[in-house]
file query-v3.cif (mmCIF, C-alpha atoms and all ligand atoms)
data_entry
#
loop_
_atom_site.label_atom_id
_atom_site.label_comp_id
_atom_site.auth_asym_id
_atom_site.auth_seq_id
_atom_site.Cartn_x
_atom_site.Cartn_y
_atom_site.Cartn_z
CA MET A 1 5.51 0.12 -21.28
CA ARG A 2 2.30 1.15 -19.52
CA ARG A 3 0.10 3.64 -21.38
CA PHE A 4 -0.55 6.78 -19.37
CA PHE A 5 -2.44 10.05 -19.77
CA ARG A 6 -1.58 12.03 -16.66
CA PRO A 7 1.70 13.70 -17.60
CA THR A 8 3.80 12.58 -14.66
CA TRP A 9 6.47 9.97 -15.18
CA ALA A 10 10.01 8.92 -14.28
CA GLU A 11 12.51 8.49 -17.09
CA ILE A 12 15.03 5.75 -16.48
CA ASP A 13 18.19 6.29 -18.49
CA LEU A 14 19.35 2.75 -19.16
CA SER A 15 22.55 3.93 -20.85
CA ALA A 16 23.48 5.77 -17.66
CA LEU A 17 22.63 2.70 -15.59
CA ILE A 18 24.72 0.36 -17.74
CA GLY A 19 27.52 2.92 -17.88
CA ASN A 20 27.51 3.07 -14.07
CA LEU A 21 27.65 -0.72 -13.74
CA ARG A 22 30.53 -0.88 -16.21
CA LEU A 23 32.35 1.85 -14.35
CA ILE A 24 31.95 -0.15 -11.13
CA ARG A 25 33.40 -3.19 -12.92
CA ARG A 26 36.37 -1.16 -14.10
CA ARG A 27 36.94 0.28 -10.65
CA VAL A 28 36.85 -3.08 -8.83
CA GLY A 29 38.73 -5.01 -11.50
CA PRO A 30 37.84 -7.85 -13.85
CA ARG A 31 38.17 -10.73 -11.40
CA ILE A 32 35.50 -9.46 -9.03
CA LYS A 33 31.86 -10.24 -9.68
CA VAL A 34 29.19 -7.56 -9.49
CA MET A 35 25.86 -8.19 -7.78
CA PHE A 36 23.50 -5.41 -8.86
CA VAL A 37 21.18 -4.68 -5.94
CA VAL A 38 17.67 -4.26 -7.34
CA LYS A 39 15.61 -4.58 -4.18
CA ALA A 40 12.67 -2.23 -3.50
CA ASN A 41 11.86 -2.08 -7.21
CA ALA A 42 15.48 -1.23 -8.03
CA TYR A 43 15.43 1.68 -5.56
CA GLY A 44 12.32 2.94 -7.38
CA HIS A 45 13.93 2.63 -10.83
CA ASP A 46 11.84 -0.41 -11.95
CA ALA A 47 13.46 -3.71 -11.10
CA VAL A 48 12.32 -5.55 -14.23
CA LEU A 49 13.52 -2.83 -16.56
CA CYS A 50 16.88 -2.42 -14.83
CA SER A 51 17.53 -6.15 -14.34
CA LEU A 52 16.78 -7.05 -17.94
CA ALA A 53 18.94 -4.16 -19.18
CA ALA A 54 21.84 -5.25 -16.96
CA GLU A 55 21.48 -8.87 -18.04
CA ARG A 56 21.33 -8.01 -21.74
CA ALA A 57 24.39 -5.77 -21.48
CA ARG A 58 26.24 -8.34 -19.33
CA ALA A 59 26.84 -5.51 -16.91
CA ALA A 60 26.11 -7.60 -13.80
CA ASP A 61 26.80 -11.19 -12.73
CA TRP A 62 24.21 -11.42 -9.98
CA LEU A 63 21.11 -9.58 -8.81
CA GLY A 64 20.20 -8.92 -5.18
CA VAL A 65 16.58 -8.63 -4.05
CA SER A 66 15.04 -8.37 -0.59
CA SER A 67 12.32 -11.01 -0.74
CA VAL A 68 11.06 -14.11 -2.54
CA GLU A 69 8.26 -11.96 -3.99
CA GLU A 70 10.73 -9.55 -5.59
CA GLY A 71 12.67 -12.47 -7.04
CA ILE A 72 9.54 -14.13 -8.43
CA VAL A 73 8.63 -10.91 -10.28
CA LEU A 74 12.03 -10.93 -11.97
CA ARG A 75 11.84 -14.62 -12.89
CA GLY A 76 8.33 -14.00 -14.27
CA ALA A 77 9.75 -11.28 -16.51
CA GLY A 78 12.34 -13.71 -17.88
CA VAL A 79 15.41 -12.66 -15.88
CA ARG A 80 17.94 -15.51 -15.89
CA LEU A 81 20.82 -14.09 -13.86
CA PRO A 82 21.43 -15.72 -10.48
CA ILE A 83 19.44 -13.90 -7.78
CA LEU A 84 20.31 -13.70 -4.09
CA ILE A 85 17.56 -12.94 -1.57
CA LEU A 86 19.24 -10.49 0.76
CA GLY A 87 16.46 -10.49 3.36
CA SER A 88 15.52 -13.20 5.80
CA LEU A 89 13.51 -16.20 4.69
CA TYR A 90 10.74 -16.59 7.19
CA PRO A 91 8.32 -18.31 7.44
CA PHE A 92 10.36 -21.28 6.28
CA GLU A 93 7.76 -22.27 3.67
CA SER A 94 9.22 -19.47 1.61
CA VAL A 95 12.40 -21.57 1.23
CA LEU A 96 10.47 -23.93 -1.03
CA ALA A 97 9.09 -21.03 -3.07
CA ALA A 98 12.58 -19.57 -3.40
CA ALA A 99 14.04 -22.86 -4.57
CA ALA A 100 11.20 -23.45 -7.00
CA HIS A 101 12.04 -20.13 -8.67
CA ASP A 102 15.77 -20.67 -8.57
CA LEU A 103 16.36 -17.89 -6.04
CA THR A 104 19.34 -18.29 -3.73
CA PRO A 105 18.59 -17.93 -0.02
CA ILE A 106 20.72 -16.53 2.76
CA VAL A 107 21.04 -18.73 5.80
CA ALA A 108 21.61 -17.29 9.25
CA SER A 109 20.66 -20.15 11.58
CA LEU A 110 20.99 -23.91 11.77
CA GLU A 111 17.19 -24.11 11.68
CA SER A 112 16.99 -22.34 8.31
CA ALA A 113 19.87 -24.44 6.93
CA LYS A 114 17.91 -27.57 7.87
CA ARG A 115 14.81 -26.20 6.13
CA VAL A 116 16.83 -25.58 2.98
CA ALA A 117 18.16 -29.15 3.13
CA GLU A 118 14.58 -30.39 3.52
CA ALA A 119 13.47 -28.35 0.48
CA ALA A 120 16.42 -29.76 -1.48
CA ARG A 121 15.32 -33.30 -0.63
CA ARG A 122 11.73 -32.57 -1.64
CA LEU A 123 12.78 -30.99 -4.92
CA ARG A 124 15.48 -33.62 -5.47
CA ARG A 125 18.18 -31.10 -6.21
CA THR A 126 21.01 -29.17 -4.68
CA ILE A 127 20.30 -25.68 -3.35
CA ASN A 128 23.02 -23.05 -3.16
CA ILE A 129 23.12 -21.00 0.02
CA HIS A 130 25.04 -17.98 1.31
CA VAL A 131 25.77 -17.80 5.03
CA LYS A 132 25.40 -14.40 6.66
CA VAL A 133 27.85 -13.29 9.34
CA ASP A 134 26.94 -10.39 11.61
CA THR A 135 30.04 -8.29 12.17
CA GLY A 136 28.31 -5.19 13.48
CA MET A 137 25.14 -4.49 11.52
CA GLY A 138 22.99 -6.36 14.03
CA ARG A 139 20.22 -7.12 11.56
CA ILE A 140 20.30 -10.65 10.11
CA GLY A 141 23.40 -12.75 10.58
CA MET A 142 25.19 -15.02 12.98
CA ARG A 143 28.00 -13.85 15.22
CA PRO A 144 31.36 -15.02 13.82
CA GLU A 145 31.74 -18.03 16.18
CA ALA A 146 28.17 -19.21 15.52
CA ALA A 147 28.60 -18.76 11.75
CA LEU A 148 31.75 -20.88 11.91
CA ALA A 149 29.94 -23.60 13.82
CA LEU A 150 27.09 -23.56 11.30
CA ALA A 151 29.41 -23.68 8.29
CA ARG A 152 31.14 -26.72 9.79
CA GLU A 153 27.77 -28.50 10.05
CA LEU A 154 26.76 -27.76 6.46
CA PRO A 155 28.62 -30.72 4.89
CA LEU A 156 26.45 -32.99 7.07
CA LEU A 157 23.26 -31.56 5.57
CA ARG A 158 22.76 -33.18 2.22
CA GLY A 159 21.43 -31.13 -0.68
CA ILE A 160 23.08 -27.87 0.32
CA ARG A 161 25.96 -26.24 -1.53
CA PHE A 162 27.87 -23.67 0.51
CA GLN A 163 28.26 -21.14 -2.29
CA GLY A 164 28.70 -17.88 -0.43
CA LEU A 165 29.67 -16.17 2.79
CA LEU A 166 28.72 -12.57 3.40
CA THR A 167 28.49 -9.75 5.86
CA HIS A 168 27.06 -6.25 5.63
CA LEU A 169 28.88 -3.08 6.59
CA ALA A 170 27.05 -0.72 8.93
CA LYS A 171 29.11 2.47 8.87
CA THR A 172 31.27 2.80 5.79
CA GLU A 173 31.92 6.48 6.51
CA ASP A 174 33.91 5.35 9.56
CA ARG A 175 37.10 3.62 8.40
CA THR A 176 38.00 2.25 11.84
CA PHE A 177 34.56 0.75 12.43
CA THR A 178 34.59 -0.79 8.94
CA LEU A 179 38.11 -2.15 9.39
CA ARG A 180 37.01 -3.93 12.56
CA GLN A 181 34.02 -5.43 10.75
CA LEU A 182 36.23 -6.59 7.89
CA GLU A 183 38.82 -8.08 10.25
CA ASP A 184 36.15 -10.08 12.09
CA PHE A 185 34.82 -11.28 8.73
CA LYS A 186 38.27 -12.20 7.45
CA ARG A 187 38.89 -14.26 10.58
CA VAL A 188 35.81 -16.33 9.73
CA VAL A 189 36.97 -16.73 6.12
CA ALA A 190 40.45 -17.83 7.26
CA ALA A 191 39.15 -20.29 9.88
CA LEU A 192 36.84 -21.88 7.32
CA SER A 193 39.63 -22.10 4.83
CA ARG A 194 41.81 -23.95 7.36
CA ASP A 195 38.97 -26.49 7.59
CA GLY A 196 38.90 -26.82 3.81
CA LEU A 197 35.63 -24.87 3.54
CA ARG A 198 36.10 -22.27 0.80
CA PRO A 199 32.82 -20.86 -0.51
CA PRO A 200 33.54 -19.34 -3.92
CA LEU A 201 31.58 -16.14 -3.31
CA VAL A 202 32.77 -14.18 -0.29
CA HIS A 203 31.22 -10.71 -0.18
CA ALA A 204 30.78 -7.65 2.01
CA ALA A 205 30.86 -4.42 0.02
CA ASN A 206 28.05 -2.01 -0.79
CA SER A 207 28.81 0.88 -3.20
CA ALA A 208 30.85 2.93 -0.75
CA ALA A 209 33.05 -0.01 0.30
CA ALA A 210 33.36 -1.43 -3.23
CA LEU A 211 34.61 1.90 -4.55
CA GLY A 212 36.38 3.19 -1.47
CA ARG A 213 38.42 0.28 -0.21
CA SER A 214 40.02 -2.65 -1.98
CA ASP A 215 40.17 -4.72 1.24
CA ALA A 216 36.34 -5.00 1.21
CA ARG A 217 35.93 -6.44 -2.26
CA PHE A 218 36.65 -10.15 -1.78
CA ALA A 219 35.08 -12.13 -4.69
CA LEU A 220 31.97 -10.05 -5.28
CA VAL A 221 30.65 -6.55 -4.60
CA ARG A 222 27.01 -5.54 -4.06
CA PRO A 223 26.42 -2.01 -5.37
CA GLY A 224 23.03 -0.34 -5.40
CA LEU A 225 23.44 3.41 -4.99
CA ALA A 226 26.36 3.81 -7.42
CA ALA A 227 24.60 1.79 -10.12
CA TYR A 228 21.71 4.24 -10.01
CA GLY A 229 24.13 7.15 -10.21
CA LEU A 230 23.39 8.37 -6.71
CA TYR A 231 27.04 8.27 -5.72
CA GLU A 232 29.82 10.79 -6.41
CA GLY A 233 31.24 10.35 -9.93
CA PHE A 234 28.30 8.34 -11.32
CA ALA A 235 25.49 9.45 -13.64
CA PRO A 236 21.97 9.65 -12.16
CA ALA A 237 19.65 7.31 -14.05
CA LEU A 238 16.30 8.68 -12.91
CA THR A 239 14.59 11.94 -13.89
CA LEU A 240 11.19 12.66 -12.36
CA LYS A 241 9.10 14.67 -14.77
CA SER A 242 5.70 16.25 -14.96
CA LYS A 243 4.06 18.99 -17.01
CA LEU A 244 2.49 22.33 -16.24
CA VAL A 245 -1.21 21.58 -16.61
CA TYR A 246 -2.63 24.89 -15.37
CA ILE A 247 -1.32 28.43 -14.91
CA LYS A 248 -3.03 31.29 -13.11
CA ILE A 249 -2.17 34.79 -12.04
CA ALA A 250 -2.24 35.12 -8.27
CA PRO A 251 -2.77 38.70 -7.14
CA LYS A 252 -0.61 40.05 -4.32
CA GLY A 253 -1.89 38.54 -1.06
CA ALA A 254 -3.48 35.44 -2.64
CA THR A 255 -2.79 32.18 -0.84
CA VAL A 256 -2.01 28.75 -2.27
CA SER A 257 -2.92 25.23 -1.10
CA TYR A 258 -4.09 23.69 2.19
CA GLY A 259 -3.50 25.71 5.28
CA ALA A 260 -2.79 28.83 3.18
CA THR A 261 0.88 28.53 4.15
CA TRP A 262 2.07 30.54 1.14
CA ARG A 263 0.91 34.05 0.30
CA ALA A 264 1.87 35.95 -2.84
CA GLY A 265 4.12 38.88 -1.95
CA ARG A 266 3.63 40.26 -5.47
CA VAL A 267 1.52 39.48 -8.51
CA SER A 268 2.68 35.93 -9.32
CA ARG A 269 2.26 33.28 -12.01
CA ILE A 270 1.43 30.01 -10.31
CA ALA A 271 1.53 26.71 -12.19
CA THR A 272 -0.03 23.43 -11.10
CA LEU A 273 1.73 20.09 -11.62
CA PRO A 274 -0.18 16.78 -11.50
CA ILE A 275 2.09 15.18 -8.92
CA GLY A 276 1.88 14.97 -5.16
CA TYR A 277 2.76 12.91 -2.14
CA GLY A 278 0.62 10.07 -3.53
CA ASP A 279 3.38 9.75 -6.13
CA GLY A 280 6.13 9.83 -3.55
CA TYR A 281 6.91 13.54 -3.90
CA SER A 282 7.07 14.21 -0.19
CA ARG A 283 4.81 16.65 1.61
CA ALA A 284 7.93 17.66 3.54
CA LEU A 285 9.01 19.48 0.35
CA SER A 286 6.14 22.00 0.76
CA ASN A 287 7.45 25.57 0.44
CA LYS A 288 11.02 24.20 0.27
CA ALA A 289 11.88 22.39 -2.96
CA SER A 290 12.54 23.77 -6.43
CA VAL A 291 11.25 22.43 -9.74
CA LEU A 292 12.97 23.05 -13.08
CA VAL A 293 10.99 24.70 -15.86
CA GLY A 294 12.74 25.93 -18.99
CA GLY A 295 16.05 25.30 -17.24
CA LYS A 296 15.11 27.64 -14.34
CA ARG A 297 14.52 26.82 -10.69
CA CYS A 298 10.93 27.55 -9.69
CA PRO A 299 9.99 27.29 -6.00
CA VAL A 300 7.28 24.94 -4.72
CA VAL A 301 4.64 27.19 -3.15
CA GLY A 302 2.17 26.07 -0.52
CA ARG A 303 1.68 22.51 0.63
CA VAL A 304 2.31 19.59 -1.64
CA THR A 305 -1.08 17.85 -1.84
CA MET A 306 -1.81 14.19 -2.52
CA ASP A 307 -2.07 14.59 -6.28
CA GLN A 308 -0.98 18.12 -7.15
CA THR A 309 1.78 20.59 -6.41
CA MET A 310 2.00 24.28 -7.19
CA ILE A 311 5.11 26.16 -8.25
CA ASP A 312 5.83 29.84 -8.76
CA VAL A 313 6.84 30.37 -12.40
CA THR A 314 7.01 34.16 -12.20
CA GLY A 315 10.77 33.85 -12.77
CA ALA A 316 10.22 31.78 -15.92
CA PRO A 317 8.03 34.17 -17.94
CA ARG A 318 8.07 31.96 -21.02
CA ALA A 319 6.56 29.00 -19.13
CA ARG A 320 3.35 27.76 -20.75
CA VAL A 321 0.78 25.04 -20.06
CA GLY A 322 2.20 21.81 -21.49
CA ASP A 323 5.84 22.62 -20.68
CA ASP A 324 7.96 19.94 -19.04
CA ALA A 325 8.86 20.27 -15.37
CA VAL A 326 11.70 18.32 -13.75
CA LEU A 327 11.25 17.60 -10.06
CA MET A 328 14.27 15.30 -9.66
CA GLY A 329 17.22 15.30 -12.01
CA ARG A 330 18.59 17.51 -14.77
CA GLN A 331 16.99 19.90 -17.25
CA ASP A 332 19.44 21.70 -19.54
CA ALA A 333 22.19 23.09 -17.33
CA ALA A 334 20.08 23.07 -14.16
CA VAL A 335 19.76 20.15 -11.77
CA VAL A 336 17.76 19.18 -8.70
CA PRO A 337 19.83 16.34 -7.25
CA VAL A 338 18.13 13.57 -5.29
CA SER A 339 20.48 14.43 -2.42
CA GLU A 340 19.00 17.96 -2.24
CA LEU A 341 15.44 16.64 -1.94
CA ALA A 342 16.56 14.06 0.61
CA ARG A 343 18.22 16.77 2.70
CA LEU A 344 15.09 18.96 2.57
CA CYS A 345 13.07 15.98 3.83
CA GLY A 346 15.60 15.13 6.55
CA THR A 347 16.31 11.75 5.02
CA ILE A 348 18.72 9.93 2.69
CA PRO A 349 18.66 9.52 -1.13
CA TYR A 350 17.72 5.82 -0.75
CA GLU A 351 14.39 6.78 0.81
CA THR A 352 13.69 9.59 -1.66
CA VAL A 353 13.89 7.32 -4.71
CA THR A 354 12.31 4.23 -3.18
CA ALA A 355 9.36 6.40 -2.10
CA LEU A 356 8.29 6.94 -5.73
CA SER A 357 5.00 5.15 -5.89
CA SER A 358 3.65 2.64 -8.39
CA ARG A 359 1.41 5.42 -9.72
CA VAL A 360 4.39 6.95 -11.52
CA PRO A 361 5.07 5.17 -14.83
CA ARG A 362 8.75 4.38 -15.37
CA VAL A 363 9.73 5.15 -18.94
CA PRO A 364 12.99 3.71 -20.27
CA VAL A 365 15.23 5.97 -22.29
CA GLY A 366 18.55 5.00 -23.82
CA PRO A 367 19.38 1.85 -25.82
C1 LIG B 401 22.80 -6.43 2.09
C2 LIG B 401 22.97 -5.26 1.18
N1 LIG B 401 23.98 -5.25 0.30
C3 LIG B 401 24.19 -4.21 -0.55
C4 LIG B 401 23.37 -3.10 -0.52
C5 LIG B 401 23.64 -1.96 -1.48
O1 LIG B 401 24.04 -0.80 -0.80
P1 LIG B 401 24.35 0.55 -1.59
O2 LIG B 401 23.06 0.97 -2.21
O3 LIG B 401 24.79 1.51 -0.53
O4 LIG B 401 25.39 0.26 -2.61
C6 LIG B 401 22.32 -3.05 0.40
C7 LIG B 401 21.47 -1.87 0.45
O5 LIG B 401 20.87 -1.48 1.38
C8 LIG B 401 22.12 -4.16 1.27
O6 LIG B 401 21.12 -4.17 2.16
#

call {"tool": "encode", "arguments": {"input": "query-v3.cif", "output": "structure tokens"}}
result
Amino acid sequence: MRRFFRPTWAEIDLSALIGNLRLIRRRVGPRIKVMFVVKANAYGHDAVLCSLAAERARAADWLGVSSVEEGIVLRGAGVRLPILILGSLYPFESVLAAAAHDLTPIVASLESAKRVAEAARRLRRTINIHVKVDTGMGRIGMRPEAALALARELPLLRGIRFQGLLTHLAKTEDRTFTLRQLEDFKRVVAALSRDGLRPPLVHAANSAAALGRSDARFALVRPGLAAYGLYEGFAPALTLKSKLVYIKIAPKGATVSYGATWRAGRVSRIATLPIGYGDGYSRALSNKASVLVGGKRCPVVGRVTMDQTMIDVTGAPRARVGDDAVLMGRQDAAVVPVSELARLCGTIPYETVTALSSRVPRVPVGP
């Protein structure tokens, strides 16, 4: 763990994380494999920490990252689980780098399949690939007919093993839209099967689909959000903490921070926290969010600055310099959920946690 002096850090509860992964396993059943999605530094939770914990606890069968770079970091840290690169591999030189680090690529064109075959020849080994079908996400993936045509060509390309077929769901809150995506995907699976092409890992489901509908599970599910406890019924793994490093009495009428957007309506105790938007605590939270001190909600006053944020602790009279402050997560009976901060910023929990910058040390707690 990195040594740090500035008292701002994110605690990562590895017991909660492992508990969440095990709960996902129980909910989807023992025959279905779990790919733990750890892209974007495990949604800000520290990909190395989370991946090693999941591997040690045998709580995941696969890991999903977004790029070769993310996969290389995990391999460098000693992660041995199979890793799928969920993003596109371009330029094609990255195929060689992926193979050299035993990272499984996704293929979504004949051109990229040929490049993988070329890399396999150069490395004198077989490379597993997963073929991506676009059923409505419109990001990376081949339309069903094109994916079928590609899959039928794969046996002609030596050095490739057709290990997986996947799609990504675009609107899981809409059951009809999702059903149509799944039906299109199943048609591809069935047509391939008739041709004797049966990749062992067929997958489509993110957290919402894995937990919400059994028809989306196939052979493997790809949860991110639920594993981090950012989904109904799961335990949040991340707590963003800081400490009160300065307290002053603001007389009635005093203003706080840039633009003087907050003015004391009464004599107030104002505390300063050494955290700001440079840490990923959004400036959009200025004058809106609450921070927990001594189990009480204290409002953010004035603008969040790059490195520091002020809160009004008048309602927490026992608050002292050196006390812990929780900006995201639970303190005693009080909680500031990630979803609340996301809503205040007009965004989604994914963005709120991935925004936490590298300046914030991640501190593992739990086993
Ligand atoms: C291809 C893919 N699969 C799975 C996931 C995990 O989704 P969730 O975090 O909603 O479970 C993502 C996340 O964006 C993704 O891009």

call {"tool": "residues_around", "arguments": {"input": "query-v3.cif", "residues": "segment 144-148 of chain A", "least_positions_apart": "3", "cutoff": "8 Å", "atoms": "all atoms listed in the file", "output": "list in words"}}
result
Ala108, Val131, Lys132, Val133, Asp134, Thr135, Ala151, Arg152, Asp184, Phe185, Val188, Ala191 and Leu192 of chain A

call {"tool": "closest_residue", "arguments": {"input": "query-v3.cif", "among": "A:Thr309, A:Ser286, A:Thr347, A:Ser88", "to": "ligand LIG 401 (chain B)", "atoms": "only C-alpha atoms and all ligand atoms"}}
result
A:Ser88

call {"tool": "residues_near_ligand", "arguments": {"input": "query-v3.cif", "ligand": "ligand LIG 401 (chain B)", "cutoff": "8 Å", "atoms": "only C-alpha atoms and all ligand atoms", "output": "list in words"}}
result
Val37, Lys39, Gly64, Ser66, Leu86, Gly87, Thr167, His168, Ala204, Ala205, Asn206, Ser207, Ala208, Val221, Arg222, Pro223, Gly224, Leu225, Ala226, Ala227 and Tyr350 of chain A

call {"tool": "residues_around", "arguments": {"input": "query-v3.cif", "residues": "Leu84 of chain A", "least_positions_apart": "4", "cutoff": "7 Å", "atoms": "all atoms listed in the file", "output": "JSON, numbers by chain"}}
result
{"A": [63, 64, 65, 103, 104, 105]}

call {"tool": "write_last_selection", "arguments": {"input": "query-v3.cif", "atoms": "C-alpha atoms", "output": "compact mmCIF listing (two decimals), keeping the file's coordinate frame"}}
result
# COMPACT_ATOMS: atom_id res chain seq x y z
CA LEU A 63 21.11 -9.58 -8.81
CA GLY A 64 20.20 -8.92 -5.18
CA VAL A 65 16.58 -8.63 -4.05
CA LEU A 103 16.36 -17.89 -6.04
CA THR A 104 19.34 -18.29 -3.73
CA PRO A 105 18.59 -17.93 -0.02

call {"tool": "atom_distance", "arguments": {"input": "query-v3.cif", "atom1": "atom CA of Pro82 of chain A", "atom2": "atom CA of His45 of chain A"}}
result
19.8 Å

call {"tool": "closest_residue", "arguments": {"input": "query-v3.cif", "among": "A:Ile348, A:Ala289, A:Leu156, A:Ser94", "to": "Met328 of chain A", "atoms": "all atoms listed in the file"}}
result
A:Ala289

call {"tool": "decode", "arguments": {"input": "query-v3.cif", "residues": "segment 170-187 of chain A", "atoms": "N, CA and C atoms", "output": "compact mmCIF listing (two decimals), in the first residue's frame"}}
result
# COMPACT_ATOMS: atom_id res chain seq x y z
N ALA A 170 -28.09 -2.85 -24.30
CA ALA A 170 -28.01 -1.39 -24.30
C ALA A 170 -29.03 -0.72 -23.39
N LYS A 171 -30.08 -1.48 -23.00
CA LYS A 171 -31.19 -0.80 -22.31
C LYS A 171 -31.89 -1.81 -21.42
N THR A 172 -31.19 -2.27 -20.39
CA THR A 172 -31.75 -3.37 -19.60
C THR A 172 -33.01 -2.98 -18.83
N GLU A 173 -33.22 -1.68 -18.67
CA GLU A 173 -34.43 -1.23 -17.97
C GLU A 173 -35.68 -1.43 -18.84
N ASP A 174 -35.48 -1.71 -20.11
CA ASP A 174 -36.58 -1.89 -21.05
C ASP A 174 -36.63 -3.36 -21.46
N ARG A 175 -37.60 -4.09 -20.90
CA ARG A 175 -37.63 -5.55 -21.09
C ARG A 175 -37.87 -5.93 -22.55
N THR A 176 -38.67 -5.14 -23.25
CA THR A 176 -38.98 -5.46 -24.64
C THR A 176 -37.75 -5.27 -25.53
N PHE A 177 -37.06 -4.15 -25.31
CA PHE A 177 -35.86 -3.87 -26.08
C PHE A 177 -34.82 -4.97 -25.85
N THR A 178 -34.66 -5.35 -24.56
CA THR A 178 -33.67 -6.37 -24.20
C THR A 178 -34.05 -7.72 -24.79
N LEU A 179 -35.34 -8.04 -24.75
CA LEU A 179 -35.80 -9.31 -25.30
C LEU A 179 -35.45 -9.40 -26.78
N ARG A 180 -35.64 -8.29 -27.49
CA ARG A 180 -35.33 -8.29 -28.93
C ARG A 180 -33.82 -8.50 -29.15
N GLN A 181 -33.02 -7.84 -28.32
CA GLN A 181 -31.56 -8.04 -28.44
C GLN A 181 -31.20 -9.51 -28.19
N LEU A 182 -31.81 -10.07 -27.14
CA LEU A 182 -31.48 -11.46 -26.79
C LEU A 182 -31.95 -12.43 -27.87
N GLU A 183 -33.11 -12.14 -28.46
CA GLU A 183 -33.61 -13.04 -29.52
C GLU A 183 -32.69 -13.01 -30.73
N ASP A 184 -32.23 -11.82 -31.10
CA ASP A 184 -31.30 -11.71 -32.24
C ASP A 184 -30.02 -12.50 -31.94
N PHE A 185 -29.56 -12.37 -30.69
CA PHE A 185 -28.33 -13.05 -30.28
C PHE A 185 -28.52 -14.56 -30.31
N LYS A 186 -29.66 -14.99 -29.77
CA LYS A 186 -29.93 -16.44 -29.73
C LYS A 186 -30.03 -17.03 -31.13
N ARG A 187 -30.52 -16.24 -32.07
CA ARG A 187 -30.60 -16.73 -33.46
C ARG A 187 -29.20 -17.00 -34.00
